[in-house]
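Novice: My structure is stored as run.cif, with mmCIF, C-alpha atoms.
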data_my_file
loop_
_atom_site.label_atom_id
_atom_site.label_comp_id
_atom_site.auth_asym_id
_atom_site.auth_seq_id
_atom_site.Cartn_x
_atom_site.Cartn_y
_atom_site.Cartn_z
CA MET A 1 25.91 -8.40 12.23
CA LEU A 2 22.24 -9.18 11.59
CA ARG A 3 21.47 -5.57 10.65
CA ARG A 4 24.32 -5.58 8.17
CA ARG A 5 23.01 -8.80 6.59
CA ALA A 6 19.48 -7.41 6.49
CA ALA A 7 20.76 -4.29 4.73
CA VAL A 8 22.68 -6.44 2.23
CA PHE A 9 19.61 -8.60 1.53
CA SER A 10 17.42 -5.50 1.13
CA GLY A 11 20.01 -3.90 -1.12
CA LEU A 12 20.25 -7.00 -3.31
CA ALA A 13 16.48 -7.19 -3.68
CA LEU A 14 16.36 -3.50 -4.58
CA ALA A 15 19.21 -3.77 -7.09
CA SER A 16 17.77 -6.82 -8.84
CA ALA A 17 14.30 -5.27 -9.00
CA SER A 18 15.71 -2.02 -10.41
CA LEU A 19 17.70 -3.90 -13.05
CA LEU A 20 14.67 -5.91 -14.09
CA ALA A 21 12.53 -2.78 -14.25
CA ALA A 22 15.09 -1.17 -16.54
CA CYS A 23 15.05 -4.24 -18.80
CA ASN A 24 11.26 -4.03 -19.07
CA ALA A 25 11.29 -0.37 -20.14
CA ALA A 26 10.34 -1.32 -23.71
CA ASP A 27 6.76 -2.10 -22.59
CA PRO A 28 5.22 1.39 -22.26
CA LEU A 29 1.72 0.15 -21.43
CA GLY A 30 2.88 -2.36 -18.85
CA THR A 31 0.82 -5.14 -20.38
CA ASP A 32 3.43 -7.89 -20.70
CA LEU A 33 4.44 -8.99 -17.24
CA VAL A 34 7.86 -10.57 -17.19
CA ALA A 35 8.62 -12.66 -14.09
CA GLN A 36 9.25 -10.15 -11.33
CA PRO A 37 11.65 -10.67 -8.45
CA VAL A 38 10.29 -11.21 -4.99
CA HIS A 39 10.79 -8.02 -3.00
CA ILE A 40 11.82 -8.84 0.55
CA VAL A 41 11.61 -6.49 3.51
CA PHE A 42 13.46 -7.63 6.65
CA PHE A 43 12.54 -6.70 10.21
CA GLU A 44 14.20 -6.68 13.60
CA GLY A 45 12.89 -9.16 16.17
CA ASP A 46 9.48 -8.35 17.68
CA SER A 47 9.13 -5.30 15.44
CA VAL A 48 7.12 -3.92 12.55
CA ALA A 49 9.31 -0.83 12.22
CA MET A 50 10.83 -0.15 8.80
CA GLY A 51 14.06 1.66 8.12
CA GLU A 52 15.04 3.53 4.97
CA SER A 53 16.37 0.42 3.19
CA ALA A 54 13.05 -1.36 3.82
CA MET A 55 11.11 1.65 2.54
CA ALA A 56 13.27 1.68 -0.60
CA VAL A 57 12.29 -1.94 -1.29
CA VAL A 58 8.60 -1.08 -0.79
CA ARG A 59 8.85 1.97 -3.09
CA ASP A 60 10.49 -0.15 -5.79
CA ALA A 61 7.81 -2.85 -5.49
CA ALA A 62 5.08 -0.18 -5.65
CA ALA A 63 6.59 1.30 -8.81
CA ILE A 64 6.56 -2.10 -10.51
CA ALA A 65 3.02 -2.80 -9.27
CA ARG A 66 1.80 0.52 -10.68
CA ARG A 67 3.41 -0.38 -13.98
CA TYR A 68 1.34 -3.57 -14.18
CA PRO A 69 -2.08 -2.43 -12.94
CA SER A 70 -3.89 -5.64 -13.86
CA GLN A 71 -1.59 -7.89 -11.82
CA PRO A 72 -2.22 -8.99 -8.22
CA VAL A 73 0.12 -7.93 -5.44
CA ARG A 74 0.65 -10.55 -2.73
CA VAL A 75 2.07 -9.49 0.62
CA LEU A 76 3.23 -12.46 2.71
CA GLY A 77 4.25 -11.90 6.32
CA PHE A 78 6.62 -14.17 8.26
CA ALA A 79 8.02 -14.31 11.78
CA GLY A 80 10.68 -16.31 13.57
CA PRO A 81 10.05 -19.52 15.52
CA ALA A 82 10.78 -18.12 19.00
CA GLY A 83 7.67 -17.56 21.11
CA SER A 84 4.13 -18.86 20.71
CA VAL A 85 2.57 -19.68 17.37
CA ALA A 86 -0.30 -17.26 18.08
CA TYR A 87 2.08 -14.39 18.88
CA ASN A 88 4.18 -14.99 15.77
CA ARG A 89 1.14 -15.33 13.54
CA ALA A 90 -0.11 -11.96 14.83
CA LEU A 91 3.36 -10.43 14.34
CA SER A 92 3.62 -11.76 10.79
CA ASN A 93 0.15 -10.33 10.06
CA ALA A 94 1.10 -6.94 11.53
CA ARG A 95 4.25 -6.84 9.37
CA ALA A 96 2.30 -7.75 6.23
CA GLN A 97 -0.40 -5.16 7.01
CA ALA A 98 2.25 -2.46 7.54
CA ILE A 99 3.78 -3.21 4.14
CA ALA A 100 0.34 -3.31 2.48
CA GLU A 101 -0.42 0.13 3.94
CA GLU A 102 2.85 1.51 2.56
CA LEU A 103 2.01 0.05 -0.87
CA ARG A 104 -1.43 1.72 -0.76
CA GLU A 105 0.16 5.03 0.21
CA ALA A 106 2.55 4.61 -2.74
CA GLY A 107 -0.37 4.39 -5.16
CA VAL A 108 -1.12 0.67 -5.46
CA ALA A 109 -4.89 0.10 -5.63
CA PRO A 110 -6.08 -1.52 -2.38
CA ALA A 111 -8.24 -4.06 -4.25
CA ARG A 112 -5.12 -5.57 -5.84
CA ILE A 113 -3.30 -6.19 -2.57
CA MET A 114 -3.77 -9.59 -0.93
CA VAL A 115 -2.30 -9.97 2.55
CA SER A 116 -1.41 -13.33 4.03
CA ALA A 117 0.19 -14.02 7.41
CA ARG A 118 2.32 -17.13 7.17
CA GLY A 119 3.31 -17.08 10.83
CA PRO A 120 6.47 -18.52 12.31
CA VAL A 121 9.02 -20.25 10.10
CA GLU A 122 12.38 -21.82 10.81
CA PHE A 123 15.48 -20.18 9.37
CA ALA A 124 18.48 -21.80 7.74
CA ASP A 125 21.36 -19.45 8.61
CA THR A 126 20.21 -16.29 10.36
CA ALA A 127 17.12 -15.26 12.29
CA THR A 128 16.64 -12.36 9.88
CA GLU A 129 15.58 -14.82 7.17
CA SER A 130 12.36 -15.59 9.02
CA ARG A 131 11.58 -12.00 10.04
CA ARG A 132 10.43 -10.77 6.68
CA VAL A 133 7.63 -9.77 4.36
CA GLU A 134 7.67 -10.88 0.74
CA ILE A 135 6.01 -8.74 -1.92
CA ARG A 136 5.09 -10.76 -5.02
CA ILE A 137 3.72 -9.03 -8.10
CA GLY A 138 1.92 -11.00 -10.76
CA PRO A 139 0.93 -14.63 -11.05
CA GLN A 140 3.50 -16.27 -8.80
#
Turn this file's structure into structure tokens for me.
Specialist:
Amino acid sequence: MLRRRAAVFSGLALASASLLAACNAADPLGTDLVAQPVHIVFFEGDSVAMGESAMAVVRDAAAIARRYPSQPVRVLGFAGPAGSVAYNRALSNARAQAIAEELREAGVAPARIMVSARGPVEFADTATESRRVEIRIGPQ
């Protein structure tokens, strides 16, 4: 059930980002940054592994980031509340670093990427909500 929800969340983030990118096609130089959606990559518990849906979200975020080369790219890592704070902070950092590395490999300049581990957070409905990395492009 959680995997299905994670795939749905990833798919929604990808679809909304793709739609917004299509709407911004009139800006060939990529100079006018319109508010970009937050790209969210979800993870399984105690894992930094990324599946194909997660990689699709990262690729989409990288494409938008390359389109706006003067804008910062923030990568925020989160983890669930189970376990120690130190463990979850390290896990959230490892997740954020893994996403940052994928963004670099996809052509985003390393100097633009700012990584922040937010550590453990509570979730409202499902544990998947807290096991995530958010990619924010631009002044957000």
Novice: Given the PyMOL selection byres ((chain A and resi 38) around 7) and the file above, list the residues it selects as a list in words.
Specialist: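 Output from the PyMOL selection byres ((chain A and resi 38) around 7), applied to this file: Gln36, Pro37, His39, Ile40, Glu134, Ile135 and Arg136 of chain A.
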Novice: List the spatial neighbours of Arg89 of chain A as a ChimeraX atom specification - criterion: any atom at most 8 Å away, only C-alpha atoms, same-chain residues fewer than 3 positions off excluded.
Specialist: /A:78-79,85-86,92-93,117-120
Novice: Of the candidates A:Leu103, A:Val73, A:Ala127, A:Ala96, which shows the shortest atom-to-atom distance to Val57 of chain A, using only C-alpha atoms?
Specialist: A:Leu103
Novice: So which residues get picked by the PyMOL selection byres ((chain A and resi 71) around 8) here, written as an MDAnalysis selection string?
Specialist: chainID A and resid 65 68:70 72:73 112 137:139
Novice: Rounded to one decimal in Å, what is the spacing between atom CA of Val48 of chain A and atom CA of Arg66 of chain A?
Specialist: 24.2 Å
Novice: Around the point (10.9, -12.8, 11.3) in the file's coordinates, collect all residues with an atom within 9 Å, using only C-alpha atoms, and return them as a list in words.
Specialist: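 Residues close enough to count: Phe42, Phe43, Glu44, Gly45, Asp46, Ser47, Gly77, Phe78, Ala79, Gly80, Pro81, Asn88, Leu91, Ser92, Gly119, Pro120, Val121, Phe123, Ala127, Thr128, Glu129, Ser130, Arg131, Arg132 and Val133 of chain A.
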Novice: One decimal, in Å: what's the spacing between atom CA of Ala49 of chain A and atom CA of Ala100 of chain A?
Specialist: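 Going from atom CA of Ala49 of chain A over to atom CA of Ala100 of chain A covers 13.5 Å.
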Novice: Of the candidates A:Gly83, A:Ala62, A:Leu76, A:Ala111, which one gets nearest to Gln97 of chain A if we count only C-alpha atoms?
Specialist: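 Between A:Gly83, A:Ala62, A:Leu76, A:Ala111, the residue approaching Gln97 of chain A most closely is A:Leu76.
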Novice: Would you kindly translate the PyMOL selection byres ((chain A and resi 114) around 6) into the concrete residues it picks from this file, as a ChimeraX atom specification?
Specialist: /A:74,113,115
Novice: Could you please determine the separation between atom CA of Glu105 of chain A and atom CA of Tyr87 of chain A in Å, to one decimal place?
Specialist: 27.0 Å
Novice: Using only C-alpha atoms, find the one residue out of A:Pro110, A:Ile64, A:Ser116, A:Glu102 that sits nearest to Ala90 of chain A.
Specialist: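 Looking only at the distances to Ala90 of chain A, the closest residue turns out to be A:Ser116.
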